[in-house]
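Comments concern the structure below.
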Amino acid sequence: MWALLVLIGVASVSAHLQDLSFDGQKVFRVIPQNDEQVEILNFLASIMEVDFWQPDSVTLVRPKMQVDFRVEAEKSFKVEDLLKESGMEYQVLIDNLQAALDAQFDSQARTASHSYVKYNNWNTIADWTADMAAQNPDLVSRSIIGKTYEGRPMYLLKLGKSGANKKAIFMDCGFHAREWISPAFCQWFVKEAVENYGKDAVMTTLLDKLDFYVLPVVNIDGYVYTWTNDRMWRKTRSKNAGTTCIGTDPNRNFNAGWCTLGASDYPCSSTYCGSAPESEKETKALADFIRENLSTIKAYLTIHSYSQLLLFPYSYTYNLPSNYQELNSIAKAASKELASLYNTEYTYGPGATTIYPAAGGSDDWAYDQGIKYSFTFELRDTGRYGFLLPESQIKPTCEETFLAVKYIANYVLEHLY
């Protein structure tokens with residue numbers, strides 16, 4: 001078997017994934033049963049370009065864990081031979097990535113205008129933020145909290161009726177560039193809030209008594225890059241000194257156990273923690289805004305994909321947060337709310353034990369700043385489409401997630417501190 005591995009590696013690591021047709025690329029799911037099989041995956045990743053979807057990095061792979069990864073077309077048959085030979089259980093989740101990419105856009109008509117049931121590019125989202133503020137001046141205002149590495153303004157929407165001494169909930173989307181369903185949810189949330197004000201009693205009370213800060217896309221440069229160059233891009237687009245490898249994982253870039261468990265100090269890694277905490281302009285802008293508004297922000301929600309999880313601290317340590325019982329019961333109830341619509345099952349719990357350890361995340365950082373209600377959503381699905389969730393699933397995904405977010409917001413309102 002090792003001879004086969006060496007053969008696969010010959011053409012190898014330098015052939016980067018920038019050939020930008022994903023034709024014939026496959027996504028595999030394996031469940032390594034023991035340390036030897038984990039070792040085989042590690043070796044595979046060392047000799048060729050392997051894009052780990054779940055978990056984020058080969059270093060996090062453990063026996064009995066479900067592992068999803070993508071390989072280049074010309075390597076896929078060899079990888080399959082290797083998996084067979086090693087006796088590892090596997091399935092091909094996506095047989096041709098390009099076909100799955102094309103199938104994302106399954107709603108019939110493409111228009112240049114903004115849509116809540118289609119994926120919108122960054123320019124469309126930016127224009128939409130301006131429109132929402134202009135059309136709903138009593139409920140929505142727009143500000144700029146910083147600029148990205150490539151100089152794009154980071155627009156923040158503030159939702160709520162004006163009032164004195166209001167507490168707030170902060171929600172962001174689009175940390176990882178390829179997780180397109182995430183920004184789609186932030187846009188949907190704003191729409192629902194605005195449309196239901198004065199109609200839905202709970203939403204009306206929430207907007208009367210709380211403010212919502214919504215950052216529709218954190219990693220704007222990366223998001224733009226997924227539309228123009230590489231749909232599978234994850235990180236920011238900043239340059240790293242001493243290497244041609246671009247970008248930092250913004251969700252490993254916060255000062256919460258920074259660059260310890262589940263993060264990499266290797267700039268070419270997809271979980272690169274950056275040169276220092278908040279080295280990225282995007283994470284620093286977000287952190288600065290939250291620090292400046294700590295007295296009012298009482299909950300932090302960050303939206304990712306995929307795997308249908310509702311997580312809370314901690315991810316950088318196996319220690320449980322002091323209000324573990326409360327966070328766990330909120331997550332349980334919110335997951336139940338979410339499932340009430342389409343029976344979508346979510347798993348909930350602390351990040352490190354529920355999925356895997358990951359240091360430097362925004363949710364742990366916000367919690368350690370004193371925001372005691374801090375949650376990470378990992379939206380649909382569980383791997384059938386992964387990061388390429390078809391547009392036909394935007395509406396149901398957003399509808400069910402909205403119920404969970406509304407539940408959490410209402411809980412926070414009733415338990416202000």
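Within each chain, counting starts at residue 1; across the structure tokens, chains are named A, B, ... in the order shown, with ligands numbered 1 upward in that order.
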Could you pull out all residues of stretch 174-291 of chain A with a DSSP call of helix (DSSP H, G or I) and give them as JSON, numbers by chain?
-> {"A": [181, 182, 183, 184, 185, 186, 187, 188, 189, 190, 191, 192, 193, 194, 195, 196, 201, 202, 203, 204, 205, 206, 207, 208, 209, 220, 221, 222, 223, 224, 225, 226, 227, 228, 250, 251, 252, 281, 282, 283, 284, 285, 286, 287, 288, 289, 290, 291]}
Report as a PDB file with all heavy atoms, in the first residue's frame all protein, DNA and RNA residues lying within 12 Å of A:Glu150, evaluated on only C-alpha atoms, omitting residues in the same chain fewer than 4 positions from it.
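Done, and the output landed in around30.pdb:
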ATOM      1  N   GLY A 146     -15.143  49.250   9.428  1.00  0.00           N
ATOM      2  CA  GLY A 146     -13.742  49.085   9.062  1.00  0.00           C
ATOM      3  C   GLY A 146     -13.630  48.785   7.588  1.00  0.00           C
ATOM      4  O   GLY A 146     -14.635  48.784   6.868  1.00  0.00           O
ATOM      5  N   MET A 154     -16.672  47.515   5.329  1.00  0.00           N
ATOM      6  CA  MET A 154     -17.422  46.484   6.058  1.00  0.00           C
ATOM      7  C   MET A 154     -18.710  47.124   6.596  1.00  0.00           C
ATOM      8  O   MET A 154     -18.685  47.864   7.573  1.00  0.00           O
ATOM      9  CB  MET A 154     -16.578  45.914   7.203  1.00  0.00           C
ATOM     10  CG  MET A 154     -15.339  45.173   6.726  1.00  0.00           C
ATOM     11  SD  MET A 154     -14.277  44.622   8.094  1.00  0.00           S
ATOM     12  CE  MET A 154     -15.316  43.358   8.853  1.00  0.00           C
ATOM     13  N   ASN A 219     -15.809  38.215   5.962  1.00  0.00           N
ATOM     14  CA  ASN A 219     -14.648  37.999   5.083  1.00  0.00           C
ATOM     15  C   ASN A 219     -15.025  38.357   3.639  1.00  0.00           C
ATOM     16  O   ASN A 219     -15.163  37.491   2.780  1.00  0.00           O
ATOM     17  CB  ASN A 219     -14.214  36.536   5.219  1.00  0.00           C
ATOM     18  CG  ASN A 219     -13.031  36.174   4.334  1.00  0.00           C
ATOM     19  OD1 ASN A 219     -12.380  37.034   3.742  1.00  0.00           O
ATOM     20  ND2 ASN A 219     -12.770  34.883   4.236  1.00  0.00           N
ATOM     21  N   ILE A 220     -15.181  39.654   3.394  1.00  0.00           N
ATOM     22  CA  ILE A 220     -15.688  40.115   2.106  1.00  0.00           C
ATOM     23  C   ILE A 220     -14.719  39.786   0.966  1.00  0.00           C
ATOM     24  O   ILE A 220     -15.126  39.292  -0.089  1.00  0.00           O
ATOM     25  CB  ILE A 220     -15.981  41.631   2.141  1.00  0.00           C
ATOM     26  CG1 ILE A 220     -17.005  41.949   3.235  1.00  0.00           C
ATOM     27  CG2 ILE A 220     -16.499  42.113   0.779  1.00  0.00           C
ATOM     28  CD1 ILE A 220     -17.108  43.432   3.577  1.00  0.00           C
ATOM     29  N   ASP A 221     -13.432  40.024   1.178  1.00  0.00           N
ATOM     30  CA  ASP A 221     -12.444  39.750   0.124  1.00  0.00           C
ATOM     31  C   ASP A 221     -12.482  38.275  -0.288  1.00  0.00           C
ATOM     32  O   ASP A 221     -12.459  37.940  -1.479  1.00  0.00           O
ATOM     33  CB  ASP A 221     -11.025  40.091   0.598  1.00  0.00           C
ATOM     34  CG  ASP A 221     -10.840  41.567   0.931  1.00  0.00           C
ATOM     35  OD1 ASP A 221     -11.711  42.379   0.545  1.00  0.00           O
ATOM     36  OD2 ASP A 221      -9.819  41.894   1.570  1.00  0.00           O
ATOM     37  N   GLY A 222     -12.537  37.416   0.699  1.00  0.00           N
ATOM     38  CA  GLY A 222     -12.599  35.982   0.422  1.00  0.00           C
ATOM     39  C   GLY A 222     -13.877  35.625  -0.317  1.00  0.00           C
ATOM     40  O   GLY A 222     -13.863  34.824  -1.266  1.00  0.00           O
ATOM     41  N   TYR A 223     -14.985  36.238   0.111  1.00  0.00           N
ATOM     42  CA  TYR A 223     -16.278  35.972  -0.530  1.00  0.00           C
ATOM     43  C   TYR A 223     -16.251  36.393  -2.006  1.00  0.00           C
ATOM     44  O   TYR A 223     -16.688  35.639  -2.886  1.00  0.00           O
ATOM     45  CB  TYR A 223     -17.380  36.709   0.233  1.00  0.00           C
ATOM     46  CG  TYR A 223     -18.790  36.390  -0.236  1.00  0.00           C
ATOM     47  CD1 TYR A 223     -19.352  35.141  -0.006  1.00  0.00           C
ATOM     48  CD2 TYR A 223     -19.557  37.356  -0.888  1.00  0.00           C
ATOM     49  CE1 TYR A 223     -20.653  34.855  -0.427  1.00  0.00           C
ATOM     50  CE2 TYR A 223     -20.857  37.076  -1.313  1.00  0.00           C
ATOM     51  CZ  TYR A 223     -21.404  35.826  -1.079  1.00  0.00           C
ATOM     52  OH  TYR A 223     -22.681  35.538  -1.494  1.00  0.00           O
ATOM     53  N   VAL A 224     -15.699  37.571  -2.261  1.00  0.00           N
ATOM     54  CA  VAL A 224     -15.564  38.034  -3.654  1.00  0.00           C
ATOM     55  C   VAL A 224     -14.730  37.026  -4.456  1.00  0.00           C
ATOM     56  O   VAL A 224     -15.089  36.665  -5.586  1.00  0.00           O
ATOM     57  CB  VAL A 224     -14.912  39.438  -3.716  1.00  0.00           C
ATOM     58  CG1 VAL A 224     -14.528  39.809  -5.140  1.00  0.00           C
ATOM     59  CG2 VAL A 224     -15.859  40.489  -3.121  1.00  0.00           C
ATOM     60  N   TYR A 225     -13.672  36.537  -3.857  1.00  0.00           N
ATOM     61  CA  TYR A 225     -12.774  35.598  -4.533  1.00  0.00           C
ATOM     62  C   TYR A 225     -13.486  34.287  -4.883  1.00  0.00           C
ATOM     63  O   TYR A 225     -13.202  33.671  -5.911  1.00  0.00           O
ATOM     64  CB  TYR A 225     -11.560  35.342  -3.637  1.00  0.00           C
ATOM     65  CG  TYR A 225     -10.380  34.728  -4.347  1.00  0.00           C
ATOM     66  CD1 TYR A 225      -9.578  35.479  -5.203  1.00  0.00           C
ATOM     67  CD2 TYR A 225     -10.047  33.382  -4.153  1.00  0.00           C
ATOM     68  CE1 TYR A 225      -8.485  34.927  -5.852  1.00  0.00           C
ATOM     69  CE2 TYR A 225      -8.953  32.814  -4.800  1.00  0.00           C
ATOM     70  CZ  TYR A 225      -8.183  33.593  -5.648  1.00  0.00           C
ATOM     71  OH  TYR A 225      -7.098  33.038  -6.288  1.00  0.00           O
ATOM     72  N   THR A 236      -9.075  34.613   4.460  1.00  0.00           N
ATOM     73  CA  THR A 236      -9.031  36.002   4.000  1.00  0.00           C
ATOM     74  C   THR A 236      -8.098  36.058   2.790  1.00  0.00           C
ATOM     75  O   THR A 236      -7.591  35.031   2.340  1.00  0.00           O
ATOM     76  CB  THR A 236      -8.482  36.931   5.102  1.00  0.00           C
ATOM     77  OG1 THR A 236      -7.129  36.536   5.401  1.00  0.00           O
ATOM     78  CG2 THR A 236      -9.330  36.855   6.368  1.00  0.00           C
ATOM     79  N   ARG A 237      -7.839  37.251   2.265  1.00  0.00           N
ATOM     80  CA  ARG A 237      -6.967  37.383   1.092  1.00  0.00           C
ATOM     81  C   ARG A 237      -5.699  38.180   1.405  1.00  0.00           C
ATOM     82  O   ARG A 237      -5.051  38.702   0.502  1.00  0.00           O
ATOM     83  CB  ARG A 237      -7.738  38.040  -0.057  1.00  0.00           C
ATOM     84  CG  ARG A 237      -8.881  37.188  -0.609  1.00  0.00           C
ATOM     85  CD  ARG A 237      -8.400  35.908  -1.287  1.00  0.00           C
ATOM     86  NE  ARG A 237      -7.465  36.188  -2.376  1.00  0.00           N
ATOM     87  CZ  ARG A 237      -6.640  35.272  -2.887  1.00  0.00           C
ATOM     88  NH1 ARG A 237      -6.607  34.048  -2.404  1.00  0.00           N
ATOM     89  NH2 ARG A 237      -5.844  35.604  -3.887  1.00  0.00           N
ATOM     90  N   SER A 238      -5.331  38.278   2.669  1.00  0.00           N
ATOM     91  CA  SER A 238      -4.144  39.045   3.039  1.00  0.00           C
ATOM     92  C   SER A 238      -2.872  38.309   2.629  1.00  0.00           C
ATOM     93  O   SER A 238      -2.849  37.077   2.560  1.00  0.00           O
ATOM     94  CB  SER A 238      -4.131  39.300   4.550  1.00  0.00           C
ATOM     95  OG  SER A 238      -4.206  38.069   5.244  1.00  0.00           O
ATOM     96  N   LYS A 239      -1.824  39.090   2.381  1.00  0.00           N
ATOM     97  CA  LYS A 239      -0.528  38.493   2.042  1.00  0.00           C
ATOM     98  C   LYS A 239       0.186  38.125   3.338  1.00  0.00           C
ATOM     99  O   LYS A 239       0.086  38.833   4.344  1.00  0.00           O
ATOM    100  CB  LYS A 239       0.321  39.491   1.244  1.00  0.00           C
ATOM    101  CG  LYS A 239      -0.189  39.706  -0.171  1.00  0.00           C
ATOM    102  CD  LYS A 239       0.800  40.525  -0.996  1.00  0.00           C
ATOM    103  CE  LYS A 239       0.473  40.480  -2.478  1.00  0.00           C
ATOM    104  NZ  LYS A 239      -0.823  41.113  -2.789  1.00  0.00           N
ATOM    105  N   GLY A 247      -3.634  34.461   2.850  1.00  0.00           N
ATOM    106  CA  GLY A 247      -4.802  34.388   3.718  1.00  0.00           C
ATOM    107  C   GLY A 247      -4.607  33.749   5.080  1.00  0.00           C
ATOM    108  O   GLY A 247      -3.698  32.962   5.315  1.00  0.00           O
ATOM    109  N   GLU A 280      -5.706  40.209  11.171  1.00  0.00           N
ATOM    110  CA  GLU A 280      -6.530  40.490   9.994  1.00  0.00           C
ATOM    111  C   GLU A 280      -7.370  41.744  10.234  1.00  0.00           C
ATOM    112  O   GLU A 280      -7.966  41.911  11.304  1.00  0.00           O
ATOM    113  CB  GLU A 280      -7.444  39.303   9.685  1.00  0.00           C
ATOM    114  CG  GLU A 280      -6.681  38.019   9.429  1.00  0.00           C
ATOM    115  CD  GLU A 280      -5.573  38.209   8.414  1.00  0.00           C
ATOM    116  OE1 GLU A 280      -5.869  38.276   7.210  1.00  0.00           O
ATOM    117  OE2 GLU A 280      -4.390  38.290   8.821  1.00  0.00           O
ATOM    118  N   LYS A 281      -7.436  42.605   9.216  1.00  0.00           N
ATOM    119  CA  LYS A 281      -8.197  43.849   9.366  1.00  0.00           C
ATOM    120  C   LYS A 281      -9.661  43.562   9.685  1.00  0.00           C
ATOM    121  O   LYS A 281     -10.309  44.294  10.428  1.00  0.00           O
ATOM    122  CB  LYS A 281      -8.081  44.693   8.085  1.00  0.00           C
ATOM    123  CG  LYS A 281      -6.665  45.202   7.849  1.00  0.00           C
ATOM    124  CD  LYS A 281      -6.575  46.110   6.643  1.00  0.00           C
ATOM    125  CE  LYS A 281      -7.074  47.510   6.970  1.00  0.00           C
ATOM    126  NZ  LYS A 281      -6.619  48.503   5.975  1.00  0.00           N
ATOM    127  N   GLU A 282     -10.163  42.464   9.108  1.00  0.00           N
ATOM    128  CA  GLU A 282     -11.581  42.126   9.285  1.00  0.00           C
ATOM    129  C   GLU A 282     -11.881  41.710  10.733  1.00  0.00           C
ATOM    130  O   GLU A 282     -12.872  42.144  11.331  1.00  0.00           O
ATOM    131  CB  GLU A 282     -11.972  40.988   8.333  1.00  0.00           C
ATOM    132  CG  GLU A 282     -11.836  41.337   6.852  1.00  0.00           C
ATOM    133  CD  GLU A 282     -10.423  41.180   6.276  1.00  0.00           C
ATOM    134  OE1 GLU A 282      -9.466  40.868   7.034  1.00  0.00           O
ATOM    135  OE2 GLU A 282     -10.273  41.369   5.058  1.00  0.00           O
TER     136      GLU A 282
END
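Shortest separation to A:Lys166 among A:Phe185, A:Trp365, A:Phe289, A:Phe212 occurs at residue A:Phe212, atoms counted being only C-alpha atoms.
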Check the smallest atom-to-atom distance from each of A:Glu400, A:Glu391, A:Asp368, A:Glu36 to A:Leu341 using only C-alpha atoms, then report the winner.
-> A:Glu400
All residues 9 Å or closer to A:Pro153, only C-alpha atoms, same chain fewer than 3 positions away omitted, as a PyMOL selection string = chain A and resi 126+144-148+220
Atoms to include: N, CA, C and O atoms. Write the selected residues as a short mmCIF file (atom, residue, chain, number, x, y, z; two decimals), in the first residue's frame.
data_model
loop_
_atom_site.label_atom_id
_atom_site.label_comp_id
_atom_site.auth_asym_id
_atom_site.auth_seq_id
_atom_site.Cartn_x
_atom_site.Cartn_y
_atom_site.Cartn_z
N ALA A 126 -23.85 44.62 -0.97
CA ALA A 126 -23.50 45.97 -0.53
C ALA A 126 -24.61 46.96 -0.89
O ALA A 126 -25.02 47.78 -0.06
N ILE A 144 -20.20 51.84 8.75
CA ILE A 144 -19.01 51.11 8.28
C ILE A 144 -18.11 50.91 9.49
O ILE A 144 -17.74 51.88 10.16
N ILE A 145 -17.78 49.66 9.81
CA ILE A 145 -16.97 49.42 11.01
C ILE A 145 -15.49 49.23 10.71
O ILE A 145 -14.68 49.07 11.61
N GLY A 146 -15.14 49.25 9.43
CA GLY A 146 -13.74 49.09 9.06
C GLY A 146 -13.63 48.78 7.59
O GLY A 146 -14.63 48.78 6.87
N LYS A 147 -12.41 48.53 7.16
CA LYS A 147 -12.18 48.14 5.77
C LYS A 147 -11.43 46.82 5.74
O LYS A 147 -10.65 46.52 6.64
N THR A 148 -11.66 46.07 4.68
CA THR A 148 -10.98 44.78 4.53
C THR A 148 -9.55 45.00 4.05
O THR A 148 -9.16 46.12 3.71
N ILE A 220 -15.18 39.65 3.39
CA ILE A 220 -15.69 40.12 2.11
C ILE A 220 -14.72 39.79 0.97
O ILE A 220 -15.13 39.29 -0.09
#
Taking only residues of stretch 16-106 of chain A that have an atom at most 9 Å from an atom of stretch 372-386 of chain A, what is each one's shortest atom pair and its distance in Å to one decimal, using only C-alpha atoms, in chain and number order, as a tab-separated table?
residue	atom	partner	partner_atom	distance
A:Arg29	CA	A:Gly383	CA	8.6
A:Trp53	CA	A:Gly386	CA	7.8
A:Gln54	CA	A:Gly383	CA	8.6
A:Asp68	CA	A:Gly383	CA	7.7
A:Leu93	CA	A:Arg384	CA	6.0
A:Ile94	CA	A:Arg384	CA	7.3
A:Ala100	CA	A:Tyr385	CA	7.5
A:Gln104	CA	A:Tyr385	CA	8.9
Excluding same-chain residues fewer than 6 positions from stretch 312-327 of chain A, what lies within 8 Å of it counting only C-alpha atoms, as number ranges by chain?
-> A: 256-257, 260-262, 349-353, 356-361, 363-364, 367, 372-376
Per DSSP on the backbone, what are the strand (DSSP E) residues of stretch 204-340 of chain A, as an MDAnalysis selection string?
-> chainID A and resid 210:215 297:305 309:312
Leaving out A:Ala168 and any residue of its chain fewer than 5 positions from it, which residues lie within 7 Å of it when counting only C-alpha atoms, given as a list of chain:residue names?
->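 Near neighbours after the sequence-gap exclusion: A:Leu210, A:Asp211, A:Phe212, A:Thr296, A:Ile297, A:Lys298.
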Could you write those residues out with N, CA and C atoms, as a compact mmCIF listing (two decimals), in the first residue's frame?
# COMPACT_ATOMS: atom_id res chain seq x y z
N LEU A 210 -34.86 45.62 21.89
CA LEU A 210 -33.45 45.29 21.64
C LEU A 210 -33.00 45.88 20.31
N ASP A 211 -31.70 46.04 20.16
CA ASP A 211 -31.12 46.34 18.85
C ASP A 211 -30.41 45.08 18.35
N PHE A 212 -30.41 44.90 17.05
CA PHE A 212 -29.65 43.81 16.44
C PHE A 212 -28.59 44.42 15.54
N THR A 296 -23.44 47.16 25.99
CA THR A 296 -24.79 46.92 25.49
C THR A 296 -24.98 45.55 24.84
N ILE A 297 -23.90 44.97 24.28
CA ILE A 297 -24.06 43.69 23.57
C ILE A 297 -24.18 42.54 24.56
N LYS A 298 -25.32 41.86 24.54
CA LYS A 298 -25.60 40.80 25.52
C LYS A 298 -25.61 39.41 24.91
Leaving out A:Lys158 and any residue of its chain fewer than 2 positions from it, which residues lie within 7 Å of it when counting only C-alpha atoms, given as a tab-separated table (two decimals) with N, CA and C atoms, in the first residue's frame?
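The resulting selection-v3.tsv:
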chain	number	residue	atom	x	y	z
A	140	VAL	N	-33.86	50.61	10.43
A	140	VAL	CA	-32.54	50.14	9.99
A	140	VAL	C	-31.60	51.31	9.73
A	141	SER	N	-30.39	51.20	10.25
A	141	SER	CA	-29.35	52.17	9.88
A	141	SER	C	-28.09	51.40	9.49
A	142	ARG	N	-27.27	52.04	8.67
A	142	ARG	CA	-26.06	51.38	8.17
A	142	ARG	C	-24.84	52.17	8.57
A	156	LEU	N	-22.22	47.42	8.39
A	156	LEU	CA	-22.96	46.85	9.52
A	156	LEU	C	-24.36	47.46	9.54
A	160	GLY	N	-33.69	47.99	14.80
A	160	GLY	CA	-34.42	48.22	16.05
A	160	GLY	C	-35.04	49.60	16.06
A	211	ASP	N	-31.70	46.04	20.16
A	211	ASP	CA	-31.12	46.34	18.85
A	211	ASP	C	-30.41	45.08	18.35
A	212	PHE	N	-30.41	44.90	17.05
A	212	PHE	CA	-29.65	43.81	16.44
A	212	PHE	C	-28.59	44.42	15.54
A	213	TYR	N	-27.35	44.08	15.79
A	213	TYR	CA	-26.28	44.45	14.86
A	213	TYR	C	-26.06	43.26	13.94
A	214	VAL	N	-26.14	43.49	12.64
A	214	VAL	CA	-25.97	42.40	11.67
A	214	VAL	C	-24.84	42.75	10.70
Quick one: residues within 8 Å of A:Lys26, only C-alpha atoms counted, chain neighbours fewer than 6 positions away excluded, as number ranges by chain?
-> A: 70-73, 76, 92-97
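As for atom CA of A:Asp23 and atom CA of A:Thr111, they are spaced 25.7 Å apart.
Atom pair atom CA of A:Cys173 / atom CA of A:Gln187: separated by 9.3 Å.
Going from atom CA of A:Ser329 over to atom CA of A:Ile408, you cover 10.7 Å.
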Tell me which of A:Thr244, A:Asn343, A:Ser270, A:Gln37 sits closest to A:Gly87, counting only C-alpha atoms.
->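 When distances to A:Gly87 are compared using only C-alpha atoms, the smallest one comes from A:Gln37.
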Go through A:Phe387, A:Tyr155, A:Phe170, A:Tyr346 and flag the residue nearest A:Ala287, using only C-alpha atoms for the distances.
->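 Closest to A:Ala287 of all the choices is A:Phe170.
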Return the single residue from A:Glu89, A:Leu286, A:Lys161, A:Gly151 that is closest to A:Tyr197, with distances computed using only C-alpha atoms.
->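 Closest to A:Tyr197 of all the choices is A:Lys161.
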